[in-house]
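Here is structure.txt, consisting of compact mmCIF, C-alpha atoms:
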# COMPACT_ATOMS: atom_id res chain seq x y z
CA ARG B 632 -22.38 -16.02 33.69
CA ASN B 633 -21.58 -18.98 31.47
CA TRP B 634 -19.13 -16.86 29.46
CA GLN B 635 -16.74 -17.22 32.38
CA GLY B 636 -14.91 -20.22 33.82
CA SER B 637 -12.74 -22.97 32.39
CA GLY B 638 -13.68 -25.05 29.38
CA ALA B 639 -14.37 -28.09 31.55
CA VAL B 640 -16.66 -26.11 33.84
CA ARG B 641 -18.57 -24.62 30.91
CA ARG B 642 -19.08 -28.05 29.37
CA ARG B 643 -20.34 -29.51 32.66
CA ARG B 644 -22.87 -26.68 32.85
CA MET B 645 -23.96 -27.30 29.29
CA ALA B 646 -24.23 -31.05 29.90
CA LYS B 647 -26.64 -30.38 32.75
CA MET B 648 -28.72 -28.06 30.57
CA VAL B 649 -28.82 -30.60 27.74
CA ARG B 650 -29.92 -33.37 30.14
CA VAL B 651 -32.77 -31.16 31.33
CA GLY B 652 -33.77 -30.59 27.72
CA GLN B 653 -33.59 -34.32 26.97
CA ARG B 654 -35.88 -35.13 29.90
CA ALA B 655 -38.30 -32.42 28.82
CA GLY B 656 -38.23 -33.74 25.30
CA ALA B 657 -38.93 -37.28 26.48
CA ARG B 658 -41.99 -36.02 28.40
CA HIS B 659 -43.36 -33.53 25.91
CA GLY B 660 -41.65 -33.98 22.55
CA GLY B 661 -41.99 -31.01 20.24
CA PRO B 662 -39.40 -28.85 18.49
CA HIS B 663 -37.53 -27.95 21.67
CA ALA B 664 -36.68 -31.51 22.71
CA MET B 665 -32.91 -31.72 23.02
CA ALA B 666 -32.44 -35.40 22.17
CA PRO B 667 -32.11 -36.09 18.43
CA ARG B 668 -34.96 -38.25 17.17
CA PRO B 669 -35.12 -40.40 14.02
CA ARG B 670 -36.30 -38.37 11.07
CA ARG B 671 -38.14 -39.35 7.91
CA GLY B 672 -37.93 -37.69 4.58
CA PRO B 673 -35.19 -36.11 2.45
CA PHE B 674 -33.05 -34.97 5.39
CA SER B 675 -32.69 -38.39 7.03
CA GLY B 676 -30.66 -41.54 6.51
CA ARG B 677 -27.54 -41.19 4.43
CA ASN B 678 -28.02 -37.41 4.12
CA HIS B 679 -26.03 -36.94 7.27
CA HIS B 680 -25.15 -33.31 6.75
CA PHE B 681 -28.08 -32.25 8.91
CA GLN B 682 -26.83 -34.60 11.64
CA SER B 683 -23.27 -33.28 11.66
CA HIS B 684 -20.19 -35.32 10.75
CA TYR B 685 -20.22 -36.94 14.19
CA SER B 686 -21.84 -40.31 14.74
CA GLN B 687 -25.09 -40.19 16.71
CA ALA B 688 -23.77 -43.20 18.57
CA GLY B 689 -20.91 -41.09 19.88
CA THR B 690 -18.01 -42.89 18.24
CA ARG B 691 -14.67 -41.13 18.39
CA THR B 692 -13.37 -39.43 15.28
CA THR B 693 -9.78 -38.48 14.56
CA ARG B 694 -8.96 -35.10 13.04
CA THR B 695 -7.68 -36.75 9.87
CA SER B 696 -10.90 -38.65 9.25
CA VAL B 697 -13.00 -35.58 10.04
CA MET B 698 -11.08 -33.41 7.59
CA CYS B 699 -11.24 -36.06 4.87
CA ALA B 700 -14.92 -36.89 5.37
CA VAL B 701 -16.59 -35.07 2.49
CA MET B 702 -20.21 -35.40 1.39
CA GLY B 703 -21.09 -37.13 -1.81
CA GLU B 704 -22.08 -35.02 -4.80
CA SER B 705 -25.81 -35.64 -4.41
CA GLU B 706 -25.67 -34.75 -0.72
CA GLN B 707 -23.83 -31.52 -1.45
CA LYS B 708 -26.43 -30.57 -4.06
CA GLU B 709 -29.24 -31.18 -1.59
CA LEU B 710 -27.51 -29.14 1.09
CA LYS B 711 -26.96 -26.24 -1.31
CA ARG B 712 -30.62 -26.29 -2.36
CA GLY B 713 -31.58 -26.14 1.30
CA ILE B 714 -29.23 -23.18 1.94
CA ALA B 715 -30.56 -21.28 -1.08
CA THR B 716 -34.19 -21.84 -0.07
CA PHE B 717 -33.49 -20.91 3.55
CA TYR B 718 -32.02 -17.55 2.57
CA ASP B 719 -34.60 -16.94 -0.15
CA GLU B 720 -37.29 -17.25 2.52
CA SER B 721 -35.61 -15.55 5.49
CA SER B 722 -33.68 -12.62 4.00
CA THR B 723 -36.66 -10.26 3.68
CA LEU B 724 -37.51 -10.56 7.37
CA TRP B 725 -33.89 -10.11 8.41
CA GLU B 726 -33.50 -6.97 6.28
CA GLU B 727 -36.75 -5.49 7.60
CA ILE B 728 -35.52 -5.71 11.20
CA TRP B 729 -31.71 -5.74 11.03
CA GLY B 730 -30.92 -4.03 7.75
CA GLU B 731 -28.53 -4.94 4.95
CA HIS B 732 -25.84 -6.68 7.04
CA MET B 733 -26.54 -10.36 7.71
CA HIS B 734 -23.88 -11.12 10.29
CA HIS B 735 -22.87 -10.61 13.91
CA GLY B 736 -22.09 -7.21 15.33
CA TYR B 737 -18.91 -6.14 17.11
CA TYR B 738 -19.63 -4.96 20.64
CA ASP B 739 -17.22 -3.01 22.79
CA GLU B 740 -17.90 -1.25 26.08
CA THR B 741 -19.51 1.73 24.32
CA ALA B 742 -21.93 -0.24 22.12
CA LYS B 743 -25.60 0.73 22.43
CA LEU B 744 -27.96 -2.23 22.60
CA THR B 745 -30.75 -0.60 20.58
CA ILE B 746 -31.74 -1.77 17.11
CA GLU B 747 -29.77 1.13 15.62
CA GLY B 748 -26.88 0.28 17.92
CA HIS B 749 -26.93 -3.31 16.73
CA ARG B 750 -26.95 -2.19 13.10
CA GLN B 751 -23.96 0.05 13.79
CA ALA B 752 -22.22 -2.88 15.51
CA GLN B 753 -22.58 -4.88 12.29
CA VAL B 754 -20.84 -2.14 10.31
CA GLU B 755 -18.25 -1.93 13.06
CA MET B 756 -17.60 -5.65 12.64
CA ILE B 757 -16.54 -5.14 9.02
CA ASP B 758 -14.24 -2.24 9.88
CA LYS B 759 -12.70 -3.99 12.87
CA VAL B 760 -12.00 -7.15 10.88
CA LEU B 761 -10.36 -5.15 8.09
CA GLU B 762 -8.25 -3.29 10.64
CA TRP B 763 -7.28 -6.52 12.40
CA ALA B 764 -6.23 -8.07 9.08
CA GLY B 765 -4.12 -5.05 8.14
CA VAL B 766 -6.20 -3.93 5.15
CA SER B 767 -5.81 -0.20 4.51
CA LEU B 768 -5.53 2.31 1.71
CA GLU B 769 -1.77 1.95 1.97
CA SER B 770 -1.96 -1.83 1.49
CA LEU B 771 -4.18 -1.55 -1.61
CA ARG B 772 -4.07 0.26 -4.92
CA PRO B 773 -7.71 1.37 -4.80
CA GLU B 774 -7.97 2.46 -8.42
CA GLN B 775 -7.09 -1.11 -9.47
CA ALA B 776 -8.16 -3.14 -6.43
CA ARG B 777 -10.76 -5.87 -6.74
CA VAL B 778 -12.69 -7.64 -3.97
CA VAL B 779 -14.87 -10.75 -3.95
CA ASP B 780 -17.39 -11.29 -1.16
CA VAL B 781 -17.94 -15.05 -0.83
CA GLY B 782 -21.37 -15.58 0.69
CA CYS B 783 -22.47 -11.97 0.26
CA GLY B 784 -26.02 -11.94 1.61
CA VAL B 785 -27.69 -8.83 0.21
CA GLY B 786 -24.33 -7.22 -0.42
CA GLY B 787 -23.75 -5.16 2.71
CA SER B 788 -20.07 -6.03 3.09
CA THR B 789 -19.40 -5.77 -0.64
CA ARG B 790 -20.75 -2.24 -0.86
CA HIS B 791 -19.09 -1.13 2.37
CA ILE B 792 -15.63 -2.36 1.37
CA VAL B 793 -15.82 -0.96 -2.18
CA SER B 794 -16.97 2.42 -0.86
CA LYS B 795 -14.48 2.51 2.02
CA PHE B 796 -11.47 2.00 -0.25
CA ALA B 797 -12.90 3.33 -3.55
CA MET B 798 -12.09 -0.04 -5.14
CA SER B 799 -12.48 -0.48 -8.86
CA TYR B 800 -14.52 -3.67 -8.72
CA GLY B 801 -16.51 -5.68 -6.21
CA CYS B 802 -18.42 -8.89 -6.76
CA GLY B 803 -20.58 -10.78 -4.28
CA ILE B 804 -21.61 -14.40 -4.77
CA THR B 805 -24.42 -16.28 -3.05
CA LEU B 806 -26.46 -19.43 -3.57
CA SER B 807 -29.68 -17.46 -3.06
CA PRO B 808 -31.30 -15.94 -6.18
CA TYR B 809 -33.34 -13.63 -3.95
CA GLN B 810 -30.23 -12.30 -2.20
CA ALA B 811 -28.39 -11.66 -5.47
CA ARG B 812 -31.39 -9.81 -6.93
CA ARG B 813 -31.99 -7.79 -3.77
CA ALA B 814 -28.29 -6.93 -3.50
CA GLY B 815 -28.41 -5.48 -6.99
CA GLU B 816 -31.50 -3.41 -6.16
CA ILE B 817 -29.92 -1.90 -3.04
CA THR B 818 -26.67 -1.22 -4.88
CA SER B 819 -28.42 0.64 -7.68
CA GLN B 820 -29.76 3.12 -5.09
CA ASP B 821 -26.55 3.46 -3.04
CA ALA B 822 -25.11 6.93 -3.64
CA GLY B 823 -22.06 6.13 -1.53
CA ILE B 824 -20.49 3.87 -4.14
CA PRO B 825 -17.93 5.76 -6.25
CA PRO B 826 -19.25 6.31 -9.78
CA GLU B 827 -16.16 4.71 -11.32
CA SER B 828 -16.58 1.52 -9.25
CA VAL B 829 -18.34 -1.55 -10.64
CA VAL B 830 -20.31 -3.65 -8.13
CA GLU B 831 -22.26 -6.73 -9.12
CA PHE B 832 -23.74 -9.88 -7.62
CA LYS B 833 -24.03 -13.41 -8.94
CA VAL B 834 -25.71 -16.67 -8.01
CA GLU B 835 -22.65 -18.90 -7.79
CA ASP B 836 -21.18 -21.74 -5.76
CA ALA B 837 -18.28 -20.82 -3.45
CA LEU B 838 -16.80 -24.27 -4.09
CA ASN B 839 -16.78 -23.72 -7.85
CA GLN B 840 -16.32 -20.00 -8.39
CA PRO B 841 -16.64 -18.62 -11.94
CA PHE B 842 -13.56 -16.40 -11.74
CA GLU B 843 -10.18 -16.77 -13.36
CA ASP B 844 -7.16 -17.64 -11.24
CA ASP B 845 -5.48 -14.69 -9.49
CA SER B 846 -8.49 -12.37 -9.88
CA PHE B 847 -8.84 -10.49 -6.58
CA ASP B 848 -6.66 -8.40 -4.29
CA LEU B 849 -8.99 -9.10 -1.36
CA VAL B 850 -10.95 -12.33 -0.85
CA TRP B 851 -13.54 -11.77 1.86
CA SER B 852 -15.82 -14.33 3.50
CA LEU B 853 -17.87 -13.22 6.51
CA GLU B 854 -19.96 -15.96 8.13
CA SER B 855 -20.42 -18.25 5.15
CA GLY B 856 -17.68 -20.83 5.73
CA GLU B 857 -19.86 -22.73 8.20
CA HIS B 858 -22.17 -23.69 5.29
CA MET B 859 -19.39 -25.21 3.17
CA PRO B 860 -19.67 -29.01 2.87
CA ASP B 861 -16.06 -29.38 1.69
CA LYS B 862 -13.78 -27.14 3.74
CA GLU B 863 -10.66 -28.20 1.84
CA ARG B 864 -12.22 -27.29 -1.50
CA PHE B 865 -13.46 -24.04 0.00
CA VAL B 866 -9.96 -22.98 1.07
CA LYS B 867 -8.54 -24.03 -2.29
CA GLU B 868 -11.04 -21.82 -4.12
CA LEU B 869 -10.32 -18.84 -1.87
CA ALA B 870 -6.62 -19.29 -2.61
CA ARG B 871 -7.13 -19.86 -6.33
CA VAL B 872 -9.02 -16.62 -7.00
CA CYS B 873 -6.72 -14.53 -4.80
CA LYS B 874 -3.97 -12.60 -6.60
CA PRO B 875 -0.36 -13.33 -5.64
CA GLY B 876 0.35 -10.95 -2.79
CA GLY B 877 -3.39 -10.59 -2.13
CA ARG B 878 -5.10 -11.16 1.19
CA ILE B 879 -7.74 -13.67 2.29
CA ILE B 880 -10.02 -12.90 5.24
CA LEU B 881 -12.25 -15.62 6.62
CA VAL B 882 -14.65 -15.04 9.53
CA THR B 883 -16.67 -18.11 10.45
CA TRP B 884 -18.34 -20.18 13.12
CA CYS B 885 -16.16 -23.01 14.40
CA HIS B 886 -16.29 -25.50 17.20
CA ARG B 887 -13.71 -25.14 19.94
CA VAL B 888 -10.19 -26.44 19.46
CA LEU B 889 -9.89 -29.83 21.13
CA GLU B 890 -7.89 -29.91 24.33
CA GLU B 891 -4.86 -32.11 24.86
CA GLY B 892 -5.94 -35.73 25.14
CA GLU B 893 -9.31 -35.18 23.43
CA THR B 894 -10.11 -36.87 20.15
CA ASP B 895 -13.62 -35.51 19.77
CA LEU B 896 -16.19 -33.15 21.20
CA SER B 897 -18.30 -34.44 24.08
CA ALA B 898 -21.58 -36.23 23.37
CA TYR B 899 -23.49 -33.22 24.69
CA GLU B 900 -21.66 -30.87 22.34
CA ARG B 901 -22.38 -33.16 19.41
CA VAL B 902 -26.09 -33.19 20.26
CA LEU B 903 -26.11 -29.40 20.43
CA LEU B 904 -24.40 -28.97 17.05
CA ASN B 905 -26.60 -31.62 15.42
CA LEU B 906 -29.72 -29.66 16.31
CA ILE B 907 -28.25 -26.41 15.02
CA ASN B 908 -27.15 -28.13 11.80
CA ARG B 909 -30.67 -29.27 11.00
CA ALA B 910 -32.12 -25.79 11.36
CA TYR B 911 -29.41 -23.77 9.60
CA PHE B 912 -28.45 -26.21 6.84
CA LEU B 913 -24.92 -26.74 8.12
CA PRO B 914 -22.57 -29.63 7.36
CA ARG B 915 -19.87 -30.84 9.74
CA TRP B 916 -18.16 -28.27 11.93
CA VAL B 917 -14.40 -27.84 12.17
CA SER B 918 -12.12 -25.89 14.48
CA VAL B 919 -10.08 -22.85 13.53
CA GLN B 920 -6.98 -25.04 13.85
CA ASP B 921 -8.35 -27.24 11.07
CA TYR B 922 -8.61 -24.13 8.87
CA VAL B 923 -5.03 -23.17 9.76
CA GLU B 924 -3.80 -26.57 8.62
CA LEU B 925 -5.76 -26.34 5.37
CA CYS B 926 -4.34 -22.89 4.63
CA GLU B 927 -0.79 -23.97 5.36
CA ALA B 928 -1.22 -27.06 3.20
CA GLU B 929 -2.30 -24.74 0.37
CA GLY B 930 0.94 -22.77 0.74
CA LEU B 931 -0.67 -19.60 2.11
CA ARG B 932 1.58 -17.40 4.22
CA GLY B 933 1.33 -15.47 7.45
CA VAL B 934 -1.71 -17.33 8.75
CA ARG B 935 -3.16 -15.56 11.81
CA THR B 936 -6.29 -16.31 13.81
CA ASP B 937 -8.28 -14.79 16.62
CA ASP B 938 -11.33 -15.59 18.73
CA TRP B 939 -13.91 -12.78 18.95
CA SER B 940 -16.61 -14.81 20.68
CA ALA B 941 -16.71 -12.35 23.58
CA ARG B 942 -17.09 -9.44 21.15
CA VAL B 943 -20.29 -10.90 19.65
CA ALA B 944 -21.80 -11.98 22.99
CA PRO B 945 -24.85 -9.64 22.98
CA PHE B 946 -25.90 -10.57 19.46
CA TRP B 947 -28.03 -13.71 19.90
CA THR B 948 -29.85 -12.28 22.90
CA ALA B 949 -30.77 -9.28 20.77
CA VAL B 950 -31.93 -11.45 17.86
CA LEU B 951 -34.08 -13.51 20.23
CA LYS B 952 -35.69 -10.37 21.61
CA THR B 953 -36.57 -9.06 18.15
CA ALA B 954 -37.98 -12.47 17.15
CA ALA B 955 -40.26 -12.39 20.20
CA THR B 956 -41.84 -9.04 19.23
CA TRP B 957 -45.17 -8.88 17.43
CA ARG B 958 -43.38 -7.69 14.31
CA GLY B 959 -40.89 -10.55 14.54
CA LEU B 960 -43.51 -13.24 15.17
CA ARG B 961 -45.65 -11.99 12.30
CA GLY B 962 -42.61 -12.00 10.04
CA LEU B 963 -41.69 -15.55 11.06
CA LEU B 964 -45.16 -16.80 10.23
CA ARG B 965 -44.99 -15.05 6.87
CA SER B 966 -41.50 -16.34 6.04
CA GLY B 967 -42.25 -20.05 6.27
CA ALA B 968 -41.25 -23.19 8.12
CA LYS B 969 -37.50 -23.03 7.48
CA THR B 970 -37.21 -19.55 8.94
CA ALA B 971 -39.33 -20.52 11.95
CA ARG B 972 -37.15 -23.57 12.52
CA GLY B 973 -34.07 -21.36 12.44
CA ALA B 974 -35.64 -19.07 15.05
CA ALA B 975 -36.44 -22.05 17.27
CA VAL B 976 -32.77 -22.97 17.68
CA MET B 977 -31.48 -19.47 18.36
CA PRO B 978 -31.33 -20.27 22.11
CA LEU B 979 -29.02 -23.16 21.22
CA MET B 980 -26.65 -20.81 19.42
CA ARG B 981 -26.54 -18.66 22.53
CA LEU B 982 -25.94 -21.78 24.62
CA GLY B 983 -23.16 -22.91 22.28
CA PHE B 984 -21.32 -19.61 22.61
CA ALA B 985 -21.93 -19.42 26.36
CA SER B 986 -20.55 -22.92 26.93
CA GLY B 987 -17.50 -22.38 24.74
CA THR B 988 -18.47 -25.06 22.21
CA ILE B 989 -19.07 -22.54 19.41
CA LYS B 990 -16.41 -19.98 18.56
CA PHE B 991 -16.53 -16.86 16.42
CA ASN B 992 -13.16 -17.14 14.72
CA LEU B 993 -11.16 -14.90 12.39
CA LEU B 994 -8.44 -16.04 10.01
CA THR B 995 -6.30 -14.08 7.61
CA CYS B 996 -3.37 -14.97 5.36
CA THR B 997 -1.75 -13.94 2.11
CA LYS B 998 -1.03 -15.69 -1.14
CA PRO B 999 2.70 -15.74 -1.88
CA GLU B 1000 4.05 -13.81 -4.82
CA LYS B 1001 4.97 -15.90 -7.84
Step by step, read the file and then write its structure as structure tokens.
Amino acid sequence: RNWQGSGAVRRRRMAKMVRVGQRAGARHGGPHAMAPRPRRGPFSGRNHHFQSHYSQAGTRTTRTSVMCAVMGESEQKELKRGIATFYDESSTLWEEIWGEHMHHGYYDETAKLTIEGHRQAQVEMIDKVLEWAGVSLESLRPEQARVVDVGCGVGGSTRHIVSKFAMSYGCGITLSPYQARRAGEITSQDAGIPPESVVEFKVEDALNQPFEDDSFDLVWSLESGEHMPDKERFVKELARVCKPGGRIILVTWCHRVLEEGETDLSAYERVLLNLINRAYFLPRWVSVQDYVELCEAEGLRGVRTDDWSARVAPFWTAVLKTAATWRGLRGLLRSGAKTARGAAVMPLMRLGFASGTIKFNLLTCTKPEK
């Protein structure tokens, strides 16, 4: 079981698996070749966000240069167009199989690994994160409380949080016009939302949010931070729209924290992340420690983190199994090339978690009172 063992052991195992993939790719080529190959077209050359922030040549990168390396404006626009199109094309298939929650599930010893069990695990993830962060009826004034869901998908988390706490207002933002429209449709038919609550969804950029300063009691971002091309700007926006005394919750994919003496991930880890980046429209990865430093630099208080990688372990295996069904394969063909490419690298996500390269990290903090 690759989930066990030291970090060095896991990386040696992964290195062996990557070498096997590179040899297979050299012999056969095709989408499953592990070695990155030169690419033509709009996603090549200077548009390095599909090749990660690490040099393909394997040069070492200090944390400072990684954190300061931000895409140019044109590159960010191209990345955001790719993200929007990816979710426009893939969201229907995901909802058909997995339902309204577009994120990992939380699995404890009692979790049932059926499709309904997986859907319940996704709801459980929201509740467990809220509990971990200390969000409760006692910590909010529900009749006045406002929540923003940054990277809302089709609104599953937005609706669940507003309903759970009877909040007065909830707003989800996404780059995908399809997701925003579909979120509104589902919400209009959701009888569980209190009649006095207002819930809406907008096509907006998380790095340039349309809200006034100090707008929300709870700023929630569940598995969208990995798409952000400027992590510093992302954290600044989360802090800006949060009310003084309000809480920020960020759940996101990260790479592992570097060990003492390391200045970069291994070459094999960089290859792995590069391939995932190209399929899922991801920019450079950072560690949870990088997020901690950004939050502290912004003056946020009580920064806490956790690693729930073990709690999401069954997820990618389950997604792979559903993709391999007749229903899943038919849906992939119908959804287009971007969705199919995303499905092709799902084994690499599982490998990344198994090897310890990819982490499922939580972070919460509060904005100090003025």
Selection near Ala941 (chain B), 10 Å with only C-alpha atoms, sequence-local residues under 4 positions removed, as a VMD selection string
chain B and resid 634 737 to 739 945 984 to 985 990 to 991
Give me a file of those residues, with C-alpha atoms, as a PDB file, keeping the file's coordinate frame.
ATOM      1  CA  TRP B 634     -19.130 -16.860  29.460  1.00  0.00           C
ATOM      2  CA  TYR B 737     -18.910  -6.140  17.110  1.00  0.00           C
ATOM      3  CA  TYR B 738     -19.630  -4.960  20.640  1.00  0.00           C
ATOM      4  CA  ASP B 739     -17.220  -3.010  22.790  1.00  0.00           C
ATOM      5  CA  PRO B 945     -24.850  -9.640  22.980  1.00  0.00           C
ATOM      6  CA  PHE B 984     -21.320 -19.610  22.610  1.00  0.00           C
ATOM      7  CA  ALA B 985     -21.930 -19.420  26.360  1.00  0.00           C
ATOM      8  CA  LYS B 990     -16.410 -19.980  18.560  1.00  0.00           C
ATOM      9  CA  PHE B 991     -16.530 -16.860  16.420  1.00  0.00           C
TER      10      PHE B 991
END
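Interatomic distance, CA of Pro808 (chain B) to CA of Thr995 (chain B): 28.6 Å.
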Which residues are near region 966-968 of chain B? Cut-off 8 Å, only C-alpha atoms, ignore same chain within fewer than 2 positions. Put them as a PyMOL selection string.
chain B and resi 720-721+724+962-964+970-972
Counting only C-alpha atoms, which residues sit no farther than 7 Å from the position (-34.1, -16.8, -0.3) in the file's frame? I'd like them as a list in words.
Ala715, Thr716, Phe717, Tyr718, Asp719, Glu720, Ser721, Ser722, Ser807, Pro808, Tyr809 and Gln810 of chain B
Selection near Thr883 (chain B), 8 Å with all atoms listed in the file, sequence-local residues under 5 positions removed, as JSON, numbers by chain
{"B": [852, 853, 854, 855, 856, 857, 991, 992, 993]}
What's around Leu931 (chain B) at 6 Å? Count all atoms listed in the file, leave out sequence neighbours fewer than 2 positions away in its own chain, and write the answer as number ranges by chain.
B: 926-927, 929, 997-998
For region 860-877 of chain B, what centre and edge lengths in Å (one decimal) does the axis-aligned box get once 5 Å is added on each side of all its listed atoms, as AutoDock Vina command-line options?
--center_x -9.7 --center_y -20.0 --center_z -1.6 --size_x 30.0 --size_y 28.8 --size_z 20.7
Which residues, written as an MDAnalysis selection string, have at least one atom at most 12 Å from Pro841 (chain B), with only C-alpha atoms counted and residues fewer than 5 positions away on the same chain left out?
chainID B and resid 779 781 802:804 833:836 846 868:869 871:872
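Of the residues under consideration (B:Asp844, B:Glu726, B:Asp861, B:Glu890), B:Asp861 shows the shortest atom-to-atom contact distance to Pro914 (chain B) when counting all atoms listed in the file.
When CA of Asn839 (chain B) is paired with CA of Val923 (chain B), their separation reads 21.2 Å.
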As an exercise, work out the distance from CA of His735 (chain B) to CA of Gln753 (chain B) in Å and give it to one decimal place.
6.0 Å
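Minimum atom-to-atom distances from B:Ala898, B:Leu806, B:Leu903, B:Val934 to Pro999 (chain B) were compared using only C-alpha atoms, and the lowest value belongs to B:Val934.
Proximity to Leu904 (chain B) was assessed for B:Thr741, B:Leu994, B:Asp938, B:Cys885 counting only C-alpha atoms; the smallest distance is recorded for B:Cys885.
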Under the rule that only C-alpha atoms are counted, which of B:Lys969, B:Arg942, B:Arg915, B:Arg981 is the nearest residue to Val760 (chain B)?
B:Arg942
Using all atoms listed in the file, find the one residue out of B:His791, B:Lys711, B:Ile746, B:Ser918 that sits nearest to Leu838 (chain B).
B:Lys711
